[in-house]
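So this one's structure17.csv, CSV, C-alpha atoms:
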```csv
chain,number,residue,atom,x,y,z
A,1,MET,CA,-5.2,12.8,-15.6
A,2,ILE,CA,-2.1,11.1,-16.9
A,3,LEU,CA,-0.1,14.3,-16.7
A,4,ALA,CA,-1.3,14.9,-13.2
A,5,ILE,CA,-0.3,11.5,-12.1
A,6,LEU,CA,3.2,11.9,-13.6
A,7,LYS,CA,3.5,15.2,-11.9
A,8,ARG,CA,2.5,13.6,-8.5
A,9,LEU,CA,5.1,10.9,-9.1
A,10,LEU,CA,7.8,13.5,-9.7
A,11,MET,CA,6.8,15.2,-6.5
A,12,LEU,CA,7.3,12.0,-4.6
A,13,ILE,CA,11.0,12.0,-5.4
A,14,PRO,CA,12.0,14.5,-2.7
A,15,VAL,CA,9.6,12.8,-0.3
A,16,LEU,CA,11.3,9.5,-0.8
A,17,ILE,CA,14.7,11.1,-0.4
A,18,GLY,CA,13.6,12.6,2.8
A,19,ILE,CA,12.3,9.2,4.0
A,20,THR,CA,15.7,7.6,3.3
A,21,LEU,CA,17.5,10.4,5.0
A,22,ALA,CA,15.3,10.3,8.1
A,23,SER,CA,15.6,6.5,8.5
A,24,PHE,CA,19.4,6.7,8.1
A,25,LEU,CA,19.9,9.4,10.6
A,26,LEU,CA,17.5,7.9,13.2
A,27,LEU,CA,19.8,4.9,13.7
A,28,GLN,CA,23.0,7.1,13.5
A,29,ILE,CA,21.9,9.4,16.3
A,30,MET,CA,21.2,6.5,18.7
A,31,PRO,CA,23.8,6.4,21.5
A,32,GLY,CA,26.7,3.9,21.1
A,33,ASP,CA,28.5,2.3,18.3
A,34,PRO,CA,26.2,0.8,15.5
A,35,ALA,CA,28.5,-2.2,15.2
A,36,SER,CA,28.4,-2.8,18.9
A,37,ARG,CA,24.6,-2.5,19.0
A,38,ALA,CA,24.3,-5.0,16.2
A,39,MET,CA,27.0,-7.5,17.4
A,40,GLY,CA,26.3,-7.4,21.1
A,41,THR,CA,28.6,-7.3,24.0
A,42,ARG,CA,30.2,-10.7,23.4
A,43,ALA,CA,31.7,-9.7,20.0
A,44,SER,CA,35.4,-9.6,19.8
A,45,PRO,CA,37.3,-6.4,18.7
A,46,GLU,CA,38.1,-8.1,15.4
A,47,GLU,CA,34.5,-8.9,14.7
A,48,LEU,CA,33.5,-5.3,15.6
A,49,GLN,CA,36.2,-3.9,13.3
A,50,ALA,CA,35.0,-6.2,10.5
A,51,MET,CA,31.5,-5.0,10.9
A,52,ARG,CA,32.6,-1.3,10.9
A,53,GLU,CA,34.5,-1.9,7.7
A,54,LEU,CA,31.5,-3.7,6.1
A,55,TRP,CA,29.2,-0.8,6.9
A,56,GLY,CA,31.8,1.8,6.1
A,57,LEU,CA,31.5,3.4,9.6
A,58,GLY,CA,34.9,4.9,9.3
A,59,LYS,CA,33.9,7.0,6.4
A,60,PRO,CA,32.2,10.4,6.5
A,61,LEU,CA,28.5,10.4,7.3
A,62,TRP,CA,27.5,11.7,3.9
A,63,VAL,CA,29.4,8.9,2.2
A,64,GLN,CA,27.6,6.3,4.4
A,65,TYR,CA,24.3,7.9,3.4
A,66,LEU,CA,25.2,7.7,-0.3
A,67,TYR,CA,26.0,3.9,0.2
A,68,PHE,CA,22.6,3.4,1.9
A,69,LEU,CA,20.8,5.5,-0.8
A,70,HIS,CA,22.6,3.4,-3.5
A,71,ASP,CA,21.2,0.2,-1.8
A,72,CYS,CA,17.7,1.6,-1.8
A,73,LEU,CA,17.9,2.8,-5.5
A,74,THR,CA,19.2,-0.6,-6.6
A,75,GLY,CA,16.5,-2.3,-4.7
A,76,SER,CA,18.6,-4.5,-2.4
A,77,PHE,CA,18.2,-2.3,0.8
A,78,GLY,CA,21.4,-3.8,2.1
A,79,ILE,CA,22.4,-7.2,3.5
A,80,SER,CA,20.8,-8.8,6.6
A,81,ILE,CA,23.3,-9.6,9.3
A,82,PHE,CA,21.2,-12.4,10.8
A,83,HIS,CA,19.8,-14.0,7.6
A,84,LYS,CA,22.9,-13.3,5.4
A,85,GLN,CA,20.6,-12.4,2.5
A,86,PRO,CA,19.7,-9.2,0.6
A,87,ILE,CA,16.9,-7.5,2.4
A,88,ILE,CA,14.8,-7.3,-0.8
A,89,THR,CA,14.9,-11.1,-0.9
A,90,LEU,CA,13.4,-11.3,2.6
A,91,VAL,CA,10.8,-8.7,1.7
A,92,ALA,CA,9.8,-10.7,-1.4
A,93,GLN,CA,9.3,-13.8,0.7
A,94,ARG,CA,7.2,-12.1,3.4
A,95,LEU,CA,5.4,-9.3,1.5
A,96,PRO,CA,2.6,-11.6,0.2
A,97,TYR,CA,1.4,-12.4,3.7
A,98,THR,CA,1.4,-8.8,4.8
A,99,LEU,CA,-0.5,-7.7,1.6
A,100,ALA,CA,-2.9,-10.6,2.2
A,101,ILE,CA,-3.8,-9.3,5.7
A,102,VAL,CA,-4.1,-5.8,4.3
A,103,GLY,CA,-6.5,-6.8,1.6
A,104,TYR,CA,-8.4,-9.4,3.7
A,105,SER,CA,-8.9,-6.9,6.6
A,106,THR,CA,-10.1,-4.2,4.2
A,107,VAL,CA,-12.7,-6.5,2.8
A,108,ILE,CA,-13.8,-7.6,6.2
A,109,ALA,CA,-14.0,-3.9,7.3
A,110,LEU,CA,-16.2,-3.0,4.4
A,111,LEU,CA,-18.5,-6.0,4.9
A,112,ILE,CA,-19.0,-5.0,8.5
A,113,ALA,CA,-19.1,-1.2,8.1
A,114,LEU,CA,-21.5,-0.8,5.1
A,115,PRO,CA,-24.6,-2.5,6.5
A,116,PHE,CA,-24.3,-1.0,10.0
A,117,ALA,CA,-23.6,2.5,8.6
A,118,ILE,CA,-26.7,2.2,6.4
A,119,MET,CA,-28.8,0.9,9.3
A,120,ALA,CA,-27.6,3.7,11.6
A,121,ALA,CA,-28.2,6.5,9.0
A,122,ALA,CA,-31.7,5.2,8.2
A,123,ASN,CA,-32.6,5.2,11.9
A,124,ARG,CA,-30.8,8.4,12.9
A,125,GLY,CA,-31.4,9.4,16.5
A,126,ARG,CA,-33.2,6.2,17.4
A,127,LEU,CA,-32.2,3.5,19.8
A,128,ILE,CA,-30.7,1.3,17.1
A,129,ASP,CA,-28.5,4.2,15.9
A,130,ASN,CA,-27.2,4.9,19.4
A,131,VAL,CA,-26.5,1.2,20.0
A,132,ILE,CA,-24.5,0.8,16.8
A,133,ARG,CA,-22.5,4.0,17.5
A,134,GLN,CA,-21.6,2.8,21.0
A,135,ILE,CA,-20.5,-0.6,19.8
A,136,PHE,CA,-18.2,0.8,17.2
A,137,VAL,CA,-16.8,3.4,19.7
A,138,VAL,CA,-15.8,0.4,21.9
A,139,LEU,CA,-14.2,-1.3,18.9
A,140,ILE,CA,-12.0,1.8,18.3
A,141,ALA,CA,-11.0,1.8,21.9
A,142,MET,CA,-9.9,-1.9,22.0
A,143,PRO,CA,-6.1,-2.3,21.8
A,144,PRO,CA,-5.3,-4.7,18.9
A,145,PHE,CA,-3.0,-6.9,20.9
A,146,TRP,CA,-5.7,-7.4,23.6
A,147,LEU,CA,-8.3,-8.2,20.9
A,148,CYS,CA,-5.9,-10.8,19.4
A,149,TYR,CA,-5.7,-12.7,22.7
A,150,VAL,CA,-9.5,-12.5,23.2
A,151,LEU,CA,-10.2,-13.9,19.8
A,152,ILE,CA,-7.5,-16.7,20.2
A,153,ILE,CA,-9.0,-17.7,23.6
A,154,TRP,CA,-12.6,-17.5,22.4
A,155,LEU,CA,-12.6,-18.7,18.7
A,156,ALA,CA,-9.4,-20.7,18.5
A,157,LEU,CA,-9.0,-22.4,21.9
A,158,GLY,CA,-12.6,-22.3,23.1
A,159,MET,CA,-14.6,-22.9,19.9
A,160,GLY,CA,-11.9,-24.6,18.0
A,161,TRP,CA,-13.0,-22.9,14.8
A,162,PHE,CA,-9.6,-21.4,13.9
A,163,SER,CA,-5.9,-22.2,14.5
A,164,THR,CA,-4.0,-20.1,16.9
A,165,GLY,CA,-1.5,-18.9,14.3
A,166,GLY,CA,0.8,-19.7,11.4
A,167,VAL,CA,0.2,-20.2,7.7
A,168,GLY,CA,-0.2,-23.2,5.5
A,169,ASP,CA,-0.1,-24.2,1.8
A,170,GLY,CA,-2.8,-23.3,-0.6
A,171,PHE,CA,-5.3,-20.4,-1.0
A,172,LEU,CA,-8.2,-21.8,1.0
A,173,VAL,CA,-6.0,-22.9,3.9
A,174,ASN,CA,-4.4,-19.5,4.3
A,175,LEU,CA,-7.8,-17.9,3.8
A,176,HIS,CA,-8.9,-19.8,6.9
A,177,ARG,CA,-5.7,-19.3,8.9
A,178,LEU,CA,-5.4,-15.5,8.2
A,179,PHE,CA,-9.0,-14.8,9.1
A,180,LEU,CA,-8.4,-14.0,12.8
A,181,PRO,CA,-5.5,-11.6,12.3
A,182,SER,CA,-7.4,-10.0,9.5
A,183,LEU,CA,-10.5,-9.7,11.7
A,184,VAL,CA,-8.5,-8.0,14.4
A,185,VAL,CA,-7.3,-5.3,12.0
A,186,GLY,CA,-10.6,-5.1,10.1
A,187,LEU,CA,-12.7,-4.4,13.2
A,188,SER,CA,-10.9,-1.2,14.1
A,189,THR,CA,-10.9,-0.2,10.5
A,190,ALA,CA,-14.7,-0.9,10.2
A,191,ALA,CA,-15.4,1.3,13.2
A,192,LEU,CA,-13.9,4.4,11.5
A,193,ILE,CA,-15.5,3.6,8.1
A,194,GLN,CA,-18.9,3.1,9.8
A,195,GLN,CA,-18.7,6.5,11.5
A,196,SER,CA,-17.5,8.3,8.4
A,197,LEU,CA,-20.0,6.6,6.1
A,198,ARG,CA,-22.9,7.2,8.5
A,199,ALA,CA,-22.2,10.9,8.6
A,200,ALA,CA,-21.8,11.1,4.8
A,201,LEU,CA,-25.1,9.2,4.3
A,202,ILE,CA,-27.0,11.6,6.6
A,203,ASP,CA,-25.6,14.7,4.8
A,204,THR,CA,-26.3,13.2,1.4
A,205,MET,CA,-29.9,12.5,2.3
A,206,LYS,CA,-30.4,16.3,2.9
A,207,ALA,CA,-29.1,17.2,-0.6
A,208,ASP,CA,-31.4,18.9,-3.1
A,209,TYR,CA,-30.8,16.4,-5.8
A,210,VAL,CA,-32.1,13.7,-3.5
A,211,ASP,CA,-35.3,15.6,-3.0
A,212,THR,CA,-35.5,16.1,-6.8
A,213,ALA,CA,-35.2,12.4,-7.4
A,214,ARG,CA,-38.0,11.7,-4.9
A,215,SER,CA,-40.2,14.3,-6.5
A,216,LYS,CA,-39.8,12.5,-9.9
A,217,GLY,CA,-41.5,9.5,-8.4
A,218,LEU,CA,-38.5,7.3,-7.7
A,219,ARG,CA,-39.0,4.7,-5.0
A,220,GLY,CA,-37.0,5.1,-1.7
A,221,TYR,CA,-34.6,2.2,-2.4
A,222,GLU,CA,-34.0,3.5,-5.9
A,223,VAL,CA,-33.1,6.9,-4.6
A,224,PHE,CA,-30.8,5.4,-2.0
A,225,LEU,CA,-29.0,2.9,-4.4
A,226,HIS,CA,-28.6,5.3,-7.3
A,227,HIS,CA,-28.1,8.7,-5.6
A,228,VAL,CA,-27.4,8.5,-1.8
A,229,LEU,CA,-25.1,5.6,-1.5
A,230,PRO,CA,-22.8,6.2,-4.5
A,231,ASN,CA,-22.2,9.9,-3.5
A,232,SER,CA,-21.7,9.0,0.1
A,233,LEU,CA,-19.0,6.3,-0.7
A,234,ILE,CA,-16.9,9.0,-2.4
A,235,SER,CA,-15.9,10.6,0.8
A,236,THR,CA,-15.3,7.2,2.4
A,237,ILE,CA,-12.5,6.4,-0.2
A,238,SER,CA,-10.2,8.8,1.7
A,239,ILE,CA,-10.9,7.1,5.0
A,240,ILE,CA,-10.2,3.7,3.5
A,241,GLY,CA,-6.9,5.0,2.0
A,242,VAL,CA,-5.8,6.4,5.4
A,243,ARG,CA,-6.7,3.2,7.2
A,244,VAL,CA,-4.9,1.0,4.6
A,245,SER,CA,-1.8,3.2,5.2
A,246,TRP,CA,-2.2,2.5,8.9
A,247,ILE,CA,-2.7,-1.2,8.3
A,248,VAL,CA,0.6,-1.5,6.4
A,249,GLY,CA,2.5,-0.6,9.6
A,250,GLY,CA,-0.2,-1.7,12.0
A,251,THR,CA,0.1,-5.4,11.2
A,252,VAL,CA,3.4,-5.6,13.1
A,253,VAL,CA,2.0,-6.7,16.5
A,254,VAL,CA,-0.8,-8.8,14.9
A,255,GLU,CA,1.6,-10.7,12.7
A,256,LYS,CA,3.8,-11.5,15.6
A,257,ILE,CA,1.0,-12.7,17.9
A,258,PHE,CA,-0.5,-15.0,15.2
A,259,SER,CA,3.0,-16.2,14.0
A,260,VAL,CA,2.3,-14.9,10.4
A,261,PRO,CA,5.7,-14.7,8.6
A,262,GLY,CA,5.0,-11.2,7.2
A,263,LEU,CA,7.0,-8.0,7.2
A,264,GLY,CA,5.8,-7.1,10.7
A,265,SER,CA,7.2,-10.3,12.2
A,266,LEU,CA,10.5,-9.7,10.2
A,267,LEU,CA,10.7,-6.2,11.7
A,268,ILE,CA,10.2,-7.4,15.3
A,269,ASP,CA,12.7,-10.2,14.8
A,270,ALA,CA,15.2,-7.7,13.4
A,271,ILE,CA,14.8,-5.5,16.5
A,272,VAL,CA,15.3,-8.4,18.8
A,273,SER,CA,18.4,-9.6,17.0
A,274,ARG,CA,19.7,-6.1,16.4
A,275,ASP,CA,19.8,-6.5,12.7
A,276,LEU,CA,20.2,-2.8,11.9
A,277,PRO,CA,20.2,-3.1,8.1
A,278,VAL,CA,16.9,-4.9,8.1
A,279,ILE,CA,15.4,-2.3,10.5
A,280,ARG,CA,16.5,0.5,8.3
A,281,GLY,CA,15.5,-1.2,5.1
A,282,LEU,CA,12.1,-2.1,6.3
A,283,THR,CA,11.5,1.4,7.6
A,284,VAL,CA,12.1,2.8,4.1
A,285,PHE,CA,10.0,0.0,2.5
A,286,PHE,CA,7.1,0.6,4.8
A,287,ALA,CA,7.3,4.3,4.1
A,288,ILE,CA,7.3,3.7,0.3
A,289,LEU,CA,4.2,1.5,0.6
A,290,VAL,CA,2.4,4.2,2.6
A,291,VAL,CA,3.3,6.9,0.0
A,292,LEU,CA,2.1,4.6,-2.8
A,293,VAL,CA,-1.2,3.8,-1.0
A,294,ASN,CA,-1.8,7.6,-0.5
A,295,LEU,CA,-1.1,8.2,-4.2
A,296,ILE,CA,-3.5,5.5,-5.3
A,297,THR,CA,-6.1,6.8,-2.9
A,298,ASP,CA,-5.9,10.3,-4.4
A,299,ILE,CA,-6.2,8.8,-7.9
A,300,CYS,CA,-9.3,6.8,-7.0
A,301,TYR,CA,-10.9,9.8,-5.3
A,302,ALA,CA,-10.3,11.9,-8.5
A,303,LEU,CA,-11.8,9.1,-10.7
A,304,ALA,CA,-14.8,8.7,-8.4
A,305,ASP,CA,-15.5,12.4,-8.2
A,306,PRO,CA,-14.9,14.4,-11.4
A,307,ARG,CA,-15.0,17.7,-9.5
A,308,VAL,CA,-11.7,16.8,-7.8
A,309,ARG,CA,-8.5,17.6,-9.7
A,310,LEU,CA,-5.1,16.2,-9.1
A,311,ASP,CA,-2.7,19.2,-8.8
```
Structure encoded using structure tokens:
Amino acid sequence: MILAILKRLLMLIPVLIGITLASFLLLQIMPGDPASRAMGTRASPEELQAMRELWGLGKPLWVQYLYFLHDCLTGSFGISIFHKQPIITLVAQRLPYTLAIVGYSTVIALLIALPFAIMAAANRGRLIDNVIRQIFVVLIAMPPFWLCYVLIIWLALGMGWFSTGGVGDGFLVNLHRLFLPSLVVGLSTAALIQQSLRAALIDTMKADYVDTARSKGLRGYEVFLHHVLPNSLISTISIIGVRVSWIVGGTVVVEKIFSVPGLGSLLIDAIVSRDLPVIRGLTVFFAILVVLVNLITDICYALADPRVRLD
């Protein structure tokens, strides 16, 4: 297993190089001068020239890429134009809030999806199964930004149970303040997990080893807890990994609406202020997070199912 993990880590090197190259070229091929796009139309020729020299825009494209790759390898990801700080410093300040929403929403999704998936699978084809399936289909179809405003109007402004946004000091305070943004992300994630787990439960119930367990005199709940549910959850691991990868980048709009100072808000602010180094640096950082989440998911899947090998 250790050798397989090391092999996978080595295979990620060309992937990460491709990510840095793609993010670098995407901003280069945009029409107009990068310095003009960053500084705006009111910048003087001297300011534009200083910005070009700072970014090395007068040098060959491959030299500019090597500078950018050096910033990525050293961990600085460049210097923000607006904040006048290394991008890695901004990331370190805001990453905990994004990771908090990722973890919080995943827990919420599991708490919602597991009981409804079990209930639907146990009543397959009945009215309750059809109702649950339709409810979660609606949840998938709901745009996150629309759901944000619905929950703010209903639970924050109407009921007064939650704040409309922002963060505070202390674990319990932030646990309360981050509930609504995490709930928005968790609902759409729960819908996919519920559908996947329901299908896995139904397939597992038809397996021969389940019939064998029943024939040995095990009670229904014992068969379910010790045989059906554990084997069904294995296939759900991949779904959770894919959704966590989506959550990493999908929190952008949610963070901005709820005024959470995470990486998503930083990215939107950088786009508005035309802070190109931050846009490029965050693009690479988000991609690295997604790659790492996928690797961890594969490892967890292999540990949960001994039949799976990491190649």
Please list as a list in words every residue within 10 Å of Arg177 of chain A, counting only C-alpha atoms and excluding residues in the same chain fewer than 5 positions away.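 Contacts, with the query itself left out: Phe162, Ser163, Thr164, Gly165, Gly166, Val167, Gly168, Phe171, Leu172, Ser182, Phe258 and Val260 of chain A.
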Would you tabulate, counting only C-alpha atoms, all residues of segment 85-169 of chain A that have an atom at most 10 Å from an atom of segment 233-252 of chain A, showing the closest pair of atoms and their distance in Å to one decimal, sorted by chain then ascending number, as CSV?
```
residue,atom,partner,partner_atom,distance
A:Thr98,CA,A:Thr251,CA,7.4
A:Leu99,CA,A:Val248,CA,7.9
A:Ile101,CA,A:Thr251,CA,7.8
A:Val102,CA,A:Ile247,CA,6.3
A:Gly103,CA,A:Val244,CA,8.5
A:Ser105,CA,A:Ile247,CA,8.6
A:Thr106,CA,A:Val244,CA,7.4
A:Ala109,CA,A:Ile240,CA,9.3
A:Leu110,CA,A:Ile240,CA,9.0
A:Leu114,CA,A:Leu233,CA,9.5
A:Pro144,CA,A:Gly250,CA,9.1
```
Skipping near chain neighbours, those fewer than 2 positions away, what residues fall within 8 Å of segment 5-22 of chain A using all atoms listed in the file, listed as a PyMOL selection string? chain A and resi 1-3+24-26+65+69+284+287-288+291+295+299+310-311
Contacts of Ala191 of chain A at 7 Å (all atoms listed in the file; same-chain gap of 4+ positions) as a list in words: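 Surrounding residues, per the criterion: Ala113, Phe136, Val137, Leu139, Ile140, Leu187 and Gln195 of chain A.
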May I have the residues from that selection written out with C-alpha atoms, as a compact mmCIF listing (two decimals), in the coordinates of the input?
```txt
# COMPACT_ATOMS: atom_id res chain seq x y z
CA ALA A 113 -19.10 -1.20 8.10
CA PHE A 136 -18.20 0.80 17.20
CA VAL A 137 -16.80 3.40 19.70
CA LEU A 139 -14.20 -1.30 18.90
CA ILE A 140 -12.00 1.80 18.30
CA LEU A 187 -12.70 -4.40 13.20
CA GLN A 195 -18.70 6.50 11.50
```
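Distance-wise, atom CA of Leu197 of chain A and atom CA of Ser232 of chain A end up 6.7 Å apart.
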At what distance in Å, to one decimal, does atom CA of Ser80 of chain A lie from atom CA of Arg274 of chain A? 10.2 Å
With all atoms listed in the file as the atoms that count, which of A:Asp275, A:Asp298, A:Asp269, A:Glu255 lies nearest to Tyr97 of chain A? A:Glu255
Provide the atom CA of Val150 of chain A to atom CA of Leu267 of chain A distance in Å, to one decimal place. 24.1 Å
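Of the residues under consideration (A:Ala190, A:Ile202, A:Leu73, A:Ala43), A:Ile202 shows the shortest atom-to-atom contact distance to Gly125 of chain A when counting all atoms listed in the file.
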